[in-house]
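Have a look at my_file.cif; it's mmCIF, C-alpha atoms:
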data_run
loop_
_atom_site.label_atom_id
_atom_site.label_comp_id
_atom_site.auth_asym_id
_atom_site.auth_seq_id
_atom_site.Cartn_x
_atom_site.Cartn_y
_atom_site.Cartn_z
CA MET A 14 10.72 -22.74 27.08
CA GLU A 15 12.21 -19.42 26.18
CA HIS A 16 9.14 -18.13 24.40
CA THR A 17 7.13 -18.09 27.63
CA SER A 18 9.81 -16.15 29.50
CA ARG A 19 8.87 -12.97 31.27
CA SER A 20 11.07 -10.69 29.17
CA PHE A 21 9.54 -12.18 26.01
CA GLU A 22 6.06 -11.39 27.33
CA ILE A 23 7.22 -7.83 28.05
CA GLU A 24 8.53 -7.45 24.48
CA LEU A 25 5.26 -8.71 23.00
CA ARG A 26 3.32 -6.28 25.17
CA GLU A 27 5.68 -3.47 24.13
CA LEU A 28 5.08 -4.36 20.48
CA LYS A 29 1.30 -4.29 20.91
CA GLU A 30 1.46 -0.99 22.79
CA LYS A 31 3.67 0.61 20.15
CA LEU A 32 1.26 -0.45 17.41
CA LEU A 33 -1.71 0.91 19.34
CA LEU A 34 0.09 4.18 19.98
CA MET A 35 0.87 4.46 16.27
CA GLY A 36 -2.77 3.60 15.44
CA GLY A 37 -3.96 6.35 17.80
CA LYS A 38 -1.60 8.92 16.26
CA ILE A 39 -2.86 7.97 12.83
CA GLU A 40 -6.51 8.31 13.83
CA GLU A 41 -5.63 11.83 15.07
CA ILE A 42 -3.90 12.64 11.79
CA ILE A 43 -6.93 11.67 9.72
CA ARG A 44 -9.33 13.53 11.99
CA ASP A 45 -7.17 16.69 12.04
CA ALA A 46 -6.58 16.53 8.29
CA MET A 47 -10.32 16.44 7.66
CA ASN A 48 -10.86 19.28 10.16
CA SER A 49 -8.21 21.35 8.37
CA LEU A 50 -10.39 20.95 5.26
CA THR A 51 -13.86 21.50 6.70
CA GLU A 52 -12.78 24.35 9.00
CA ARG A 53 -10.42 25.80 6.37
CA ASP A 54 -7.59 25.75 8.92
CA SER A 55 -4.34 25.79 6.94
CA GLY A 56 -2.23 26.04 10.10
CA LEU A 57 -3.67 22.72 11.23
CA ALA A 58 -3.05 21.25 7.76
CA GLN A 59 0.61 22.24 7.95
CA GLU A 60 0.85 20.78 11.43
CA VAL A 61 -0.55 17.45 10.17
CA ILE A 62 2.01 17.40 7.36
CA ASN A 63 4.81 17.92 9.90
CA ARG A 64 3.69 14.85 11.86
CA ASP A 65 4.65 12.53 8.99
CA HIS A 66 8.22 12.11 10.30
CA GLU A 67 6.96 10.90 13.64
CA ILE A 68 4.88 8.19 11.95
CA ASN A 69 7.81 7.07 9.80
CA ARG A 70 9.97 6.84 12.91
CA MET A 71 7.33 4.74 14.67
CA GLU A 72 7.17 2.40 11.68
CA LEU A 73 10.94 1.84 11.78
CA GLN A 74 10.90 1.25 15.53
CA ILE A 75 8.11 -1.33 15.26
CA ASP A 76 9.86 -3.09 12.37
CA ASP A 77 13.05 -3.18 14.46
CA LEU A 78 11.23 -4.58 17.45
CA CYS A 79 9.58 -7.32 15.33
CA PHE A 80 12.93 -8.19 13.82
CA ARG A 81 14.65 -8.34 17.22
CA ILE A 82 11.93 -10.56 18.65
CA LEU A 83 12.14 -12.90 15.66
CA ALA A 84 15.94 -13.03 15.90
CA LEU A 85 16.32 -13.42 19.64
CA ARG A 86 13.18 -15.27 20.74
CA GLN A 87 12.47 -17.40 17.69
CA PRO A 88 8.76 -17.45 18.44
CA THR A 89 6.44 -20.16 17.14
CA ALA A 90 2.72 -20.76 16.57
CA SER A 91 0.42 -17.89 17.59
CA ASP A 92 3.28 -15.61 18.74
CA LEU A 93 4.96 -15.99 15.37
CA ARG A 94 1.68 -15.32 13.61
CA PHE A 95 1.18 -12.19 15.73
CA ILE A 96 4.62 -10.84 14.81
CA THR A 97 4.36 -11.54 11.08
CA VAL A 98 0.97 -9.81 11.15
CA CYS A 99 2.54 -6.82 12.95
CA LEU A 100 5.12 -6.54 10.17
CA LYS A 101 2.27 -6.19 7.66
CA VAL A 102 -0.03 -4.07 9.83
CA VAL A 103 2.64 -1.44 10.41
CA THR A 104 3.05 -0.95 6.64
CA ASP A 105 -0.68 -0.40 6.22
CA LEU A 106 -0.78 2.01 9.15
CA GLU A 107 2.11 4.04 7.79
CA ARG A 108 0.32 4.36 4.45
CA VAL A 109 -2.88 5.45 6.16
CA GLY A 110 -0.75 8.18 7.75
CA ASP A 111 0.42 9.14 4.26
CA MET A 112 -3.22 9.46 3.19
CA GLY A 113 -3.80 11.87 6.09
CA VAL A 114 -0.83 13.93 4.94
CA ASN A 115 -2.18 13.89 1.37
CA ILE A 116 -5.57 15.12 2.60
CA ALA A 117 -3.86 17.97 4.48
CA GLU A 118 -1.85 18.90 1.37
CA ARG A 119 -5.02 19.07 -0.75
CA ALA A 120 -6.73 21.07 2.06
CA LEU A 121 -3.88 23.63 1.86
CA GLU A 122 -4.60 24.08 -1.85
CA LEU A 123 -8.38 24.16 -1.44
CA ASN A 124 -8.25 26.66 1.43
CA LEU A 125 -6.71 29.21 -0.97
CA GLU A 126 -9.93 29.33 -3.01
CA ALA A 127 -13.62 29.83 -2.28
CA PRO A 128 -15.32 26.59 -1.25
CA LEU A 129 -16.93 24.75 -4.16
CA LYS A 130 -19.85 23.63 -2.00
CA PRO A 131 -20.49 22.81 1.66
CA TYR A 132 -18.58 19.70 2.60
CA VAL A 133 -21.21 17.11 3.53
CA ASP A 134 -20.50 13.79 1.84
CA LEU A 135 -16.72 13.89 2.38
CA PRO A 136 -16.99 14.23 6.18
CA ARG A 137 -19.55 11.41 6.15
CA MET A 138 -17.20 9.24 4.12
CA SER A 139 -14.34 10.17 6.42
CA GLU A 140 -16.35 9.17 9.49
CA GLY A 141 -17.03 5.80 7.88
CA ALA A 142 -13.37 5.25 6.99
CA GLN A 143 -12.22 6.32 10.46
CA ARG A 144 -14.74 3.98 12.08
CA MET A 145 -13.41 1.12 9.95
CA LEU A 146 -9.85 1.96 10.93
CA LYS A 147 -10.70 2.14 14.63
CA SER A 148 -12.68 -1.10 14.52
CA SER A 149 -9.92 -2.96 12.70
CA LEU A 150 -7.41 -1.83 15.34
CA ASP A 151 -9.78 -2.82 18.16
CA ALA A 152 -10.32 -6.17 16.43
CA PHE A 153 -6.55 -6.59 16.24
CA VAL A 154 -5.97 -5.88 19.93
CA ASN A 155 -8.87 -7.99 21.16
CA GLU A 156 -8.45 -10.71 18.52
CA ASP A 157 -12.11 -10.09 17.69
CA VAL A 158 -12.95 -11.91 14.44
CA GLU A 159 -16.58 -10.80 14.52
CA LEU A 160 -15.60 -7.12 14.60
CA ALA A 161 -13.04 -7.74 11.83
CA GLN A 162 -15.82 -9.27 9.75
CA GLU A 163 -17.96 -6.16 10.33
CA VAL A 164 -15.12 -4.04 8.95
CA LEU A 165 -15.02 -6.18 5.81
CA ASN A 166 -18.77 -5.76 5.39
CA SER A 167 -18.67 -1.97 5.62
CA ASP A 168 -16.17 -1.44 2.79
CA ASP A 169 -18.92 -1.54 0.13
CA GLY A 170 -20.67 1.43 1.76
CA ILE A 171 -17.49 3.50 1.46
CA ASP A 172 -17.04 2.51 -2.17
CA ASP A 173 -20.64 3.59 -2.88
CA LEU A 174 -20.06 6.98 -1.22
CA ASN A 175 -16.86 7.44 -3.22
CA ARG A 176 -18.71 6.74 -6.48
CA ARG A 177 -21.53 9.12 -5.56
CA ILE A 178 -19.12 11.92 -4.61
CA PHE A 179 -17.17 11.39 -7.80
CA GLN A 180 -20.32 11.47 -9.95
CA GLU A 181 -21.41 14.72 -8.35
CA LEU A 182 -17.97 16.30 -8.84
CA VAL A 183 -17.94 15.34 -12.52
CA GLU A 184 -21.28 17.13 -12.91
CA PHE A 185 -19.84 20.23 -11.22
CA MET A 186 -16.91 20.18 -13.65
CA GLU A 187 -19.06 19.67 -16.72
CA LYS A 188 -21.35 22.50 -15.66
CA ASP A 189 -18.65 25.14 -15.14
CA PRO A 190 -14.96 24.96 -16.13
CA THR A 191 -13.99 27.23 -13.23
CA ASN A 192 -15.01 24.37 -10.92
CA VAL A 193 -12.56 21.91 -12.46
CA ARG A 194 -9.52 22.41 -10.26
CA ARG A 195 -11.37 22.42 -6.94
CA ALA A 196 -13.56 19.48 -7.93
CA ILE A 197 -10.48 17.44 -8.85
CA LEU A 198 -8.82 18.23 -5.54
CA LEU A 199 -11.97 17.09 -3.74
CA SER A 200 -12.14 13.91 -5.82
CA PHE A 201 -8.57 13.16 -4.70
CA ILE A 202 -9.61 13.48 -1.06
CA SER A 203 -12.49 11.11 -1.71
CA ARG A 204 -10.05 8.58 -3.12
CA TYR A 205 -7.64 8.98 -0.19
CA LEU A 206 -10.54 8.17 2.13
CA GLU A 207 -11.41 5.14 0.02
CA ARG A 208 -7.82 3.95 0.33
CA ILE A 209 -7.93 4.39 4.11
CA ALA A 210 -10.96 2.09 4.10
CA ASP A 211 -9.03 -0.36 1.91
CA HIS A 212 -6.14 -0.39 4.40
CA ALA A 213 -8.60 -0.96 7.26
CA THR A 214 -9.94 -3.90 5.23
CA ASN A 215 -6.40 -5.28 4.91
CA LEU A 216 -5.97 -4.98 8.68
CA ALA A 217 -9.25 -6.79 9.31
CA GLU A 218 -8.26 -9.60 6.96
CA MET A 219 -4.97 -10.00 8.82
CA VAL A 220 -6.80 -10.16 12.15
CA ILE A 221 -8.87 -13.04 10.80
CA PHE A 222 -5.72 -14.77 9.57
CA MET A 223 -4.02 -14.18 12.90
CA VAL A 224 -6.84 -15.62 14.98
CA GLN A 225 -8.08 -18.38 12.70
CA GLY A 226 -4.82 -19.10 10.91
CA ARG A 227 -3.84 -21.98 13.16
CA ASP A 228 -5.69 -24.67 11.22
CA VAL A 229 -4.64 -23.34 7.84
CA ARG A 230 -1.01 -23.16 8.90
CA HIS A 231 -1.23 -26.56 10.48
CA SER A 232 -2.41 -28.22 7.30
CA LEU A 233 0.31 -26.43 5.36
CA SER A 234 3.15 -27.37 7.67
CA LYS A 235 1.99 -30.98 7.53
CA SER A 236 2.64 -30.90 3.80
CA LEU A 237 6.30 -30.01 4.27
CA MET B 14 23.48 -25.74 12.33
CA GLU B 15 20.02 -26.30 11.01
CA HIS B 16 19.89 -23.04 9.10
CA THR B 17 22.63 -24.15 6.77
CA SER B 18 20.93 -27.47 6.04
CA ARG B 19 20.29 -28.47 2.46
CA SER B 20 16.51 -28.47 2.76
CA PHE B 21 16.61 -24.98 4.25
CA GLU B 22 18.68 -23.78 1.29
CA ILE B 23 16.10 -25.33 -1.03
CA GLU B 24 13.26 -23.52 0.75
CA LEU B 25 15.05 -20.17 0.52
CA ARG B 26 15.66 -20.75 -3.18
CA GLU B 27 11.99 -21.70 -3.63
CA LEU B 28 10.97 -18.47 -1.89
CA LYS B 29 13.18 -16.35 -4.12
CA GLU B 30 11.94 -18.13 -7.24
CA LYS B 31 8.29 -17.66 -6.26
CA LEU B 32 8.85 -13.95 -5.69
CA LEU B 33 10.58 -13.59 -9.04
CA LEU B 34 7.81 -15.49 -10.77
CA MET B 35 5.25 -13.19 -9.15
CA GLY B 36 7.33 -10.15 -10.13
CA GLY B 37 7.43 -11.36 -13.74
CA LYS B 38 3.65 -11.90 -13.83
CA ILE B 39 3.14 -8.41 -12.46
CA GLU B 40 5.42 -6.84 -15.04
CA GLU B 41 3.30 -8.61 -17.70
CA ILE B 42 0.09 -7.30 -16.12
CA ILE B 43 1.30 -3.68 -16.20
CA ARG B 44 2.56 -3.99 -19.77
CA ASP B 45 -0.64 -5.65 -21.01
CA ALA B 46 -2.84 -3.19 -19.11
CA MET B 47 -1.09 -0.27 -20.81
CA ASN B 48 -1.34 -2.02 -24.20
CA SER B 49 -5.07 -2.54 -23.66
CA LEU B 50 -5.27 1.26 -23.32
CA THR B 51 -2.99 2.37 -26.15
CA GLU B 52 -4.23 -0.29 -28.60
CA ARG B 53 -7.83 0.08 -27.39
CA ASP B 54 -7.99 -3.68 -26.85
CA SER B 55 -10.82 -4.28 -24.36
CA GLY B 56 -10.45 -8.06 -24.67
CA LEU B 57 -6.91 -7.75 -23.36
CA ALA B 58 -8.10 -5.41 -20.59
CA GLN B 59 -10.64 -8.01 -19.45
CA GLU B 60 -7.98 -10.68 -19.57
CA VAL B 61 -5.70 -8.58 -17.32
CA ILE B 62 -8.54 -8.11 -14.84
CA ASN B 63 -9.05 -11.89 -14.73
CA ARG B 64 -5.41 -12.44 -13.78
CA ASP B 65 -5.92 -10.73 -10.42
CA HIS B 66 -6.88 -14.00 -8.71
CA GLU B 67 -3.63 -15.62 -9.75
CA ILE B 68 -1.64 -12.79 -8.16
CA ASN B 69 -3.63 -13.00 -4.93
CA ARG B 70 -3.01 -16.75 -4.82
CA MET B 71 0.73 -16.21 -5.32
CA GLU B 72 0.77 -13.67 -2.48
CA LEU B 73 -0.86 -16.15 -0.09
CA GLN B 74 1.54 -18.91 -1.12
CA ILE B 75 4.58 -16.72 -0.55
CA ASP B 76 3.26 -15.54 2.84
CA ASP B 77 2.71 -19.19 3.78
CA LEU B 78 6.19 -20.16 2.72
CA CYS B 79 7.74 -17.29 4.72
CA PHE B 80 5.70 -18.28 7.74
CA ARG B 81 6.66 -21.95 7.46
CA ILE B 82 10.34 -21.11 7.14
CA LEU B 83 10.17 -18.81 10.17
CA ALA B 84 8.32 -21.45 12.19
CA LEU B 85 10.36 -24.50 11.25
CA ARG B 86 13.87 -23.13 10.54
CA GLN B 87 14.01 -20.19 12.96
CA PRO B 88 16.46 -18.35 10.71
CA THR B 89 18.78 -15.65 12.03
CA ALA B 90 20.88 -12.76 10.70
CA SER B 91 20.79 -12.25 6.93
CA ASP B 92 18.37 -15.14 6.32
CA LEU B 93 15.92 -13.66 8.79
CA ARG B 94 16.33 -10.25 7.20
CA PHE B 95 15.68 -11.76 3.76
CA ILE B 96 12.45 -13.41 4.94
CA THR B 97 11.07 -10.36 6.75
CA VAL B 98 11.81 -8.33 3.62
CA CYS B 99 9.96 -10.94 1.52
CA LEU B 100 6.90 -10.54 3.75
CA LYS B 101 6.89 -6.82 2.93
CA VAL B 102 7.90 -7.12 -0.73
CA VAL B 103 5.04 -9.48 -1.51
CA THR B 104 2.50 -6.93 -0.21
CA ASP B 105 3.95 -4.22 -2.44
CA LEU B 106 3.99 -6.57 -5.44
CA GLU B 107 0.36 -7.56 -4.91
CA ARG B 108 -0.62 -3.89 -4.81
CA VAL B 109 1.30 -3.17 -8.00
CA GLY B 110 -0.81 -5.95 -9.53
CA ASP B 111 -3.93 -4.14 -8.28
CA MET B 112 -2.71 -1.00 -10.05
CA GLY B 113 -2.46 -2.99 -13.29
CA VAL B 114 -6.03 -4.19 -12.82
CA ASN B 115 -7.15 -0.61 -12.13
CA ILE B 116 -5.46 0.58 -15.33
CA ALA B 117 -7.26 -2.16 -17.29
CA GLU B 118 -10.60 -1.17 -15.71
CA ARG B 119 -10.12 2.46 -16.72
CA ALA B 120 -9.03 1.30 -20.22
CA LEU B 121 -12.34 -0.58 -20.56
CA GLU B 122 -14.22 2.66 -19.84
CA LEU B 123 -11.99 4.80 -22.08
CA ASN B 124 -12.18 2.36 -24.99
CA LEU B 125 -15.96 2.98 -25.17
CA GLU B 126 -15.37 6.61 -26.19
CA ALA B 127 -13.31 8.41 -28.84
CA PRO B 128 -9.72 8.98 -27.69
CA LEU B 129 -9.19 12.36 -26.04
CA LYS B 130 -5.73 12.69 -27.59
CA PRO B 131 -2.93 10.39 -28.74
CA TYR B 132 -1.41 8.66 -25.73
CA VAL B 133 2.20 9.85 -25.56
CA ASP B 134 3.09 10.92 -22.02
CA LEU B 135 1.26 8.07 -20.27
CA PRO B 136 3.18 5.33 -22.15
CA ARG B 137 6.40 7.22 -21.39
CA MET B 138 5.48 7.40 -17.70
CA SER B 139 4.53 3.73 -17.76
CA GLU B 140 7.90 2.79 -19.26
CA GLY B 141 9.62 4.70 -16.46
CA ALA B 142 7.53 3.03 -13.76
CA GLN B 143 8.06 -0.42 -15.29
CA ARG B 144 11.79 0.18 -15.49
CA MET B 145 11.84 1.12 -11.81
CA LEU B 146 9.87 -2.01 -10.92
CA LYS B 147 12.16 -4.27 -12.93
CA SER B 148 15.31 -2.64 -11.51
CA SER B 149 14.06 -2.94 -7.94
CA LEU B 150 13.34 -6.65 -8.47
CA ASP B 151 16.77 -7.15 -10.08
CA ALA B 152 18.36 -5.27 -7.17
CA PHE B 153 16.50 -7.55 -4.77
CA VAL B 154 17.66 -10.76 -6.43
CA ASN B 155 21.24 -9.65 -6.86
CA GLU B 156 21.41 -7.72 -3.56
CA ASP B 157 22.54 -4.77 -5.66
CA VAL B 158 22.47 -1.63 -3.48
CA GLU B 159 23.75 0.58 -6.28
CA LEU B 160 20.86 -0.39 -8.57
CA ALA B 161 18.41 0.09 -5.68
CA GLN B 162 19.82 3.59 -5.20
CA GLU B 163 19.25 4.32 -8.91
CA VAL B 164 15.60 3.37 -8.46
CA LEU B 165 15.28 5.85 -5.59
CA ASN B 166 16.82 8.57 -7.75
CA SER B 167 14.41 8.04 -10.65
CA ASP B 168 11.22 8.52 -8.61
CA ASP B 169 11.35 12.32 -8.99
CA GLY B 170 11.22 12.02 -12.79
CA ILE B 171 7.99 10.03 -12.52
CA ASP B 172 6.47 12.57 -10.15
CA ASP B 173 7.33 15.35 -12.59
CA LEU B 174 5.69 13.47 -15.48
CA ASN B 175 2.60 12.88 -13.33
CA ARG B 176 2.33 16.60 -12.55
CA ARG B 177 2.78 17.54 -16.20
CA ILE B 178 0.15 15.07 -17.37
CA PHE B 179 -2.24 16.25 -14.70
CA GLN B 180 -1.72 19.91 -15.62
CA GLU B 181 -2.41 19.18 -19.27
CA LEU B 182 -5.56 17.20 -18.44
CA VAL B 183 -6.90 20.05 -16.28
CA GLU B 184 -6.46 22.37 -19.26
CA PHE B 185 -8.39 19.91 -21.46
CA MET B 186 -11.22 19.86 -18.95
CA GLU B 187 -11.34 23.63 -18.53
CA LYS B 188 -11.40 24.08 -22.31
CA ASP B 189 -14.30 21.76 -23.03
CA PRO B 190 -16.71 20.12 -20.56
CA THR B 191 -17.18 17.12 -22.86
CA ASN B 192 -13.53 16.25 -22.15
CA VAL B 193 -14.06 16.02 -18.38
CA ARG B 194 -14.89 12.35 -17.98
CA ARG B 195 -12.13 11.05 -20.27
CA ALA B 196 -9.54 13.43 -18.82
CA ILE B 197 -10.36 12.27 -15.29
CA LEU B 198 -10.04 8.62 -16.27
CA LEU B 199 -6.63 9.39 -17.79
CA SER B 200 -5.55 11.30 -14.69
CA PHE B 201 -6.42 8.19 -12.66
CA ILE B 202 -4.14 6.08 -14.84
CA SER B 203 -1.38 8.63 -14.36
CA ARG B 204 -1.78 8.28 -10.60
CA TYR B 205 -1.80 4.48 -10.75
CA LEU B 206 1.53 4.66 -12.57
CA GLU B 207 2.86 7.05 -9.95
CA ARG B 208 1.85 4.56 -7.25
CA ILE B 209 3.63 1.75 -9.10
CA ALA B 210 6.77 3.90 -8.99
CA ASP B 211 6.18 4.46 -5.25
CA HIS B 212 5.94 0.71 -4.66
CA ALA B 213 9.16 0.19 -6.65
CA THR B 214 10.72 2.80 -4.37
CA ASN B 215 9.54 0.84 -1.32
CA LEU B 216 11.12 -2.31 -2.77
CA ALA B 217 14.40 -0.52 -3.41
CA GLU B 218 14.46 0.82 0.18
CA MET B 219 13.92 -2.69 1.49
CA VAL B 220 16.78 -4.02 -0.64
CA ILE B 221 19.07 -1.44 0.95
CA PHE B 222 17.87 -2.44 4.41
CA MET B 223 18.30 -6.12 3.57
CA VAL B 224 21.88 -5.73 2.35
CA GLN B 225 23.14 -3.00 4.66
CA GLY B 226 20.87 -3.71 7.63
CA ARG B 227 23.41 -5.83 9.47
CA ASP B 228 25.09 -2.92 11.28
CA VAL B 229 21.85 -1.17 12.12
CA ARG B 230 20.34 -4.34 13.53
CA HIS B 231 23.51 -5.18 15.35
CA SER B 232 23.60 -1.90 17.22
CA LEU B 233 19.93 -2.33 18.09
CA SER B 234 20.20 -5.87 19.40
CA LYS B 235 23.12 -4.80 21.58
CA SER B 236 20.77 -2.41 23.32
CA LEU B 237 18.39 -5.23 24.38
#
With the file now loaded, output its structure as structure tokens.
Amino acid sequence: MEHTSRSFEIELRELKEKLLLMGGKIEEIIRDAMNSLTERDSGLAQEVINRDHEINRMELQIDDLCFRILALRQPTASDLRFITVCLKVVTDLERVGDMGVNIAERALELNLEAPLKPYVDLPRMSEGAQRMLKSSLDAFVNEDVELAQEVLNSDDGIDDLNRRIFQELVEFMEKDPTNVRRAILLSFISRYLERIADHATNLAEMVIFMVQGRDVRHSLSKSL
Amino acid sequence: MEHTSRSFEIELRELKEKLLLMGGKIEEIIRDAMNSLTERDSGLAQEVINRDHEINRMELQIDDLCFRILALRQPTASDLRFITVCLKVVTDLERVGDMGVNIAERALELNLEAPLKPYVDLPRMSEGAQRMLKSSLDAFVNEDVELAQEVLNSDDGIDDLNRRIFQELVEFMEKDPTNVRRAILLSFISRYLERIADHATNLAEMVIFMVQGRDVRHSLSKSL
């Protein structure tokens, strides 16, 4: 059968490698964006913003590759599930990249003013979100449902941190109007990090679908 | 050829109808969520929040249908492009639904307090975002590239409104600390609306790919 041909295997491996490469670039973007904030490094922030094009290009290339494989190889069963999941995963990854760019943009604005307070909770939240992202990508590559489930379980912790940070920033704003602008910018960053965690959650859910989807899909196709 | 068979045509029509139905439900959710804010109707807000499950169920059904068609019909060319676009569109639509739920959640909180000011700019922004969403769905159904291009052009207007609203809310907060919490909740709603416009923009871009993608894909598949 064509779908077990050697060139098909090579294309699937190429697809997986491209996604992992994109995932790695995006992890770098988030880490550098947060460093541009905590180390007040506006040059780094600008550099992160410039990397957006590269991510968009990677997204298009991966979409193209998925489309070509679907058109030319007409994959079935688990290969088809893998490729439809890739089409969704790449959208989530691209939007995580956007969040990194947004963080860098807010860092540029914040670096122009005195720091509101030492950044403690935001880096902690960022570490959590980055860990979720990394785990969901690892779970994807290794088809590791258990790890994907761990990602789903850790989302609540991020939401709690986001709420706590927000509460504290509201108090800063209520205490002194000159804090308002900086506190709002920081609350945005907190929400970007929360959305990164949400995207990691989406990825983890897709991994579970990809690995365990067989039975579900089977019962559905029987109903055709 | 199988892909021109009658049952395949019926499945494609079913897919399009399901997407349109979902799009219609989501337009309702956004409209009702905004009404729950402007008319201070917390019962309606709660009702919007309850509709989230229905949207999630629709998303799963549409994903399933796409997957079944890919697996059983192995479509090519424009049919394949239509289905891969559907897989992406449904994700954007589901997230627009989430934005509606978020608006309703913030409305519930805002309705507990006195209004900060008459809601004028937010409804205007919401009308713009809803118009973009409707146009992008119409462009999708009618494969109307010109309409999709109009959607892309109107995104800047929404971004401008978002910035203006945000600027005004910052001034409210700086003027009086008791405004802070309500102003922040309103700034969230402004950003949810901006994200709805972004999703509409994604949809419009996909319509353009779907209709004009033939040449691009052709030149790529030649390089295989």
### Leu123 of chain A environment, 10 Å, only C-alpha atoms, sequence neighbours closer than 2 positions dropped, as a ChimeraX atom specification
/A:50,53,55,117-121,125-129,194-196,198-199
Save the residues we just selected, C-alpha atoms, as a PDB file, in the coordinates of the input?
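Heads up, here's the output in part_10.pdb:
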ATOM      1  CA  LEU A  50     -10.390  20.950   5.260  1.00  0.00           C
ATOM      2  CA  ARG A  53     -10.420  25.800   6.370  1.00  0.00           C
ATOM      3  CA  SER A  55      -4.340  25.790   6.940  1.00  0.00           C
ATOM      4  CA  ALA A 117      -3.860  17.970   4.480  1.00  0.00           C
ATOM      5  CA  GLU A 118      -1.850  18.900   1.370  1.00  0.00           C
ATOM      6  CA  ARG A 119      -5.020  19.070  -0.750  1.00  0.00           C
ATOM      7  CA  ALA A 120      -6.730  21.070   2.060  1.00  0.00           C
ATOM      8  CA  LEU A 121      -3.880  23.630   1.860  1.00  0.00           C
ATOM      9  CA  LEU A 125      -6.710  29.210  -0.970  1.00  0.00           C
ATOM     10  CA  GLU A 126      -9.930  29.330  -3.010  1.00  0.00           C
ATOM     11  CA  ALA A 127     -13.620  29.830  -2.280  1.00  0.00           C
ATOM     12  CA  PRO A 128     -15.320  26.590  -1.250  1.00  0.00           C
ATOM     13  CA  LEU A 129     -16.930  24.750  -4.160  1.00  0.00           C
ATOM     14  CA  ARG A 194      -9.520  22.410 -10.260  1.00  0.00           C
ATOM     15  CA  ARG A 195     -11.370  22.420  -6.940  1.00  0.00           C
ATOM     16  CA  ALA A 196     -13.560  19.480  -7.930  1.00  0.00           C
ATOM     17  CA  LEU A 198      -8.820  18.230  -5.540  1.00  0.00           C
ATOM     18  CA  LEU A 199     -11.970  17.090  -3.740  1.00  0.00           C
TER      19      LEU A 199
END
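Nearest to chain B of all the residues A:Glu207, A:Asp54, A:Asp134, A:Glu24 is A:Glu24, based on only C-alpha atoms.
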### Task
Can you check which residues of chain A have any atom within 10 Å of chain B? Use only C-alpha atoms and format it as a ChimeraX atom specification.
/A:76-90,93-94,97-98,100-101,104-105,180,183-194,197,200-201,229-231,233-234,237
### Query
Near Asp168 of chain A, counting all atoms listed in the file, which residues have an atom at most 8 Å away, once you skip same-chain residues fewer than 4 positions from it, shown as a list in words?
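That gives Val164, Asp172, Ala210, Asp211 and Thr214 of chain A.
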### Task
Would you kindly translate the PyMOL selection byres ((chain B and resi 208) around 12) into the concrete residues it picks from this file, as a PyMOL selection string?
(chain A and resi 108) or (chain B and resi 105-106+108-113+115-116+138-139+142-143+145-146+168+171-172+175+201-207+209-215)
### Message
One number please: atom CA of Ile178 of chain A to atom CA of Asp151 of chain A, in Å, one decimal.
### Response
28.7 Å
### Message
What does the structure give for the distance between atom CA of Lys38 of chain A and atom CA of Ile68 of chain A, in Å to one decimal?
### Response
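Taking atom CA of Lys38 of chain A and atom CA of Ile68 of chain A, their separation equals 7.8 Å.
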Coordinates of box centre and edge lengths for segment 198-208 of chain B, 4 Å on every side, axis-aligned, as lines of an AutoDock Vina configuration file:
center_x = -3.6
center_y = 7.9
center_z = -12.5
size_x = 20.9
size_y = 14.8
size_z = 18.5
### Task
Would you write out, as JSON, numbers by chain, every residue that the PyMOL selection byres ((chain B and resi 60) around 12) captures in this file?
{"B": [41, 42, 45, 46, 48, 49, 54, 55, 56, 57, 58, 59, 61, 62, 63, 64, 65, 66, 67, 113, 114, 117, 118, 121]}
### Task
Kindly give the distance, in Å, that separates atom CA of Leu150 of chain A and atom CA of Met35 of chain A, rounded to a single decimal.
10.4 Å
### Message
Quick one: residues within 8 Å of Glu156 of chain B, only C-alpha atoms, excluding same-chain residues fewer than 5 positions away - as a PyMOL selection string?
### Response
chain B and resi 220+223-224
#### Entry: Residue IDs satisfying the PyMOL selection byres ((chain A and resi 26) around 12), as a VMD selection string
chain A and resid 19 to 25 27 to 33 78 to 79 82 92 95 to 96 154
